[in-house]
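*Asks:* Got a structure for you, questions after.
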Amino acid sequence: MARLRAPDGCPWDREQDHRTLRHHAVEEVYELLDAIEAGDDTEMAEELGDLLLQVVFHCQMAGERGAFTFDDVARGLVNKLIHRHPHVFGDAQARTAAAVWEQWDRLKHVEKQGTRHARASALDGIPRRLPALMRAQKLWKKARRAGLAVPTKRPAAGRRDRRSVAALLFELSALCQEKGWSSEELLRTEARRRERIWRRVERDRERRRAQ
């Protein structure tokens with residue numbers, strides 16, 4: 001990659017920057033998902049290489065401006081894995097996957113305290129560019145964990161299986177199409193509305209605790 005970015009290297013590679021490449025990484029992830037779902041090891045290996053290329057590319061550009069290198073990224077990852085797995089590399093106890101996740105979130109919160117990446121809200125940390133359905137699910141999960149969202153009673157929900165829920169999602173997307181609405185934008189807008197409500201509930205709760 002250093003050779004490709006050199007003055008006598010590839011014109012296309014030389015003119016790229018972090019922003020021009022940002023959507024390529026997303027595309028490579030989706031291609032990797034296709035390979036995984038197809039159970040195609042050959043394709044999976046190729047797509048993992050393409051995804052790794054994105055990492056190498058960004059690290060090379062960052063290194064050119066003195067920000068960080070591939071070694072810095074790898075070292076940071078190693079340190080993170082060790083620190084957030086004290087039940088493996090230390091004396092902590094975490095015998096279930098749920099306990100591991102709880103410990104991970106707690107350590108992550110402590111790590112970021114006092115930095116510009118500190119998460120003041122339990123709802124922080126969800127990428128804004130996630131597809132609407134994925135973002136809504138993550139938002140709901142965080143809100144539930146924080147006690148901000150209370151499940152409403154849905155009499156029919158318990159009787160639905162995976163196939164019927166899938167059919168319902170499809171029918172809803174079809175309805176949006178017939179109405180001329182974007183299902184992605186509708187759900188994104190609703191998720192933002194719910195998030196505003198939950199953040200307000202969270203602030204009110206913290207304010208009462210401080211009194």
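So you can find residues: chains in the structure tokens are A, B, ... in the order shown, residues in each start at 1, and ligands are numbered from 1 in order.
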Need to verify the contact set: segment 93-105 of chain A, 12 Å, only C-alpha atoms, exclusion of same-chain residues closer than 2 positions in sequence. Can you return it as a list in words?
*Replies:*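 The neighbour list is Lys80, Leu81, Ile82, His83, Arg84, His85, Pro86, His87, Val88, Phe89, Gly90, Asp91, Leu107, Lys108, His109, Val110, Glu111, Lys112, Arg119, Ala122, Asp124, Gly125, Lys142, Arg145 and Ala146 of chain A.
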*Asks:* Would you mind writing down, as a PyMOL selection string, each residue of segment 120-201 of chain A that DSSP on the backbone assigns to alpha helix (DSSP H)?
*Replies:* chain A and resi 132-145+162-179+183-201
*Asks:* Just want the 9 Å neighbourhood of Met61 of chain A, counted on only C-alpha atoms, with same-chain residues fewer than 3 positions away dropped. Output as a PyMOL selection string.
*Replies:* chain A and resi 2+5+16-18+56-58+64-69
*Asks:* I'd like the contact shell of Ile197 of chain A - 12 Å cut-off, only C-alpha atoms, skipping same-chain residues fewer than 6 positions apart - returned as a list in words.
*Replies:*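 Skipping anything fewer than 6 positions along the chain leaves Leu123, Leu139, Ala143, Leu148, Ala149, Glu190, Ala191, Arg203 and Asp204 of chain A.
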*Asks:* Would you mind reading off the distance between atom CA of Phe170 of chain A and atom CA of Arg196 of chain A, one decimal, in Å?
*Replies:* 27.2 Å
*Asks:* Record the distance separating atom CA of Arg19 of chain A and atom CA of Val55 of chain A, expressed in Å with one decimal.
*Replies:* 13.5 Å
*Asks:* For atom CA of Leu51 of chain A and atom CA of Leu32 of chain A, determine how far apart the two atoms are, in Å to one decimal place.
*Replies:*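 Computed distance, atom CA of Leu51 of chain A to atom CA of Leu32 of chain A, equals 8.1 Å.
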*Asks:* Considering only C-alpha atoms, return as a count of residues only whatever protein or nucleic-acid residues lie within 12 Å of Arg135 of chain A, sequence-local ones (same chain, fewer than 3 positions apart) excluded.
*Replies:* 25
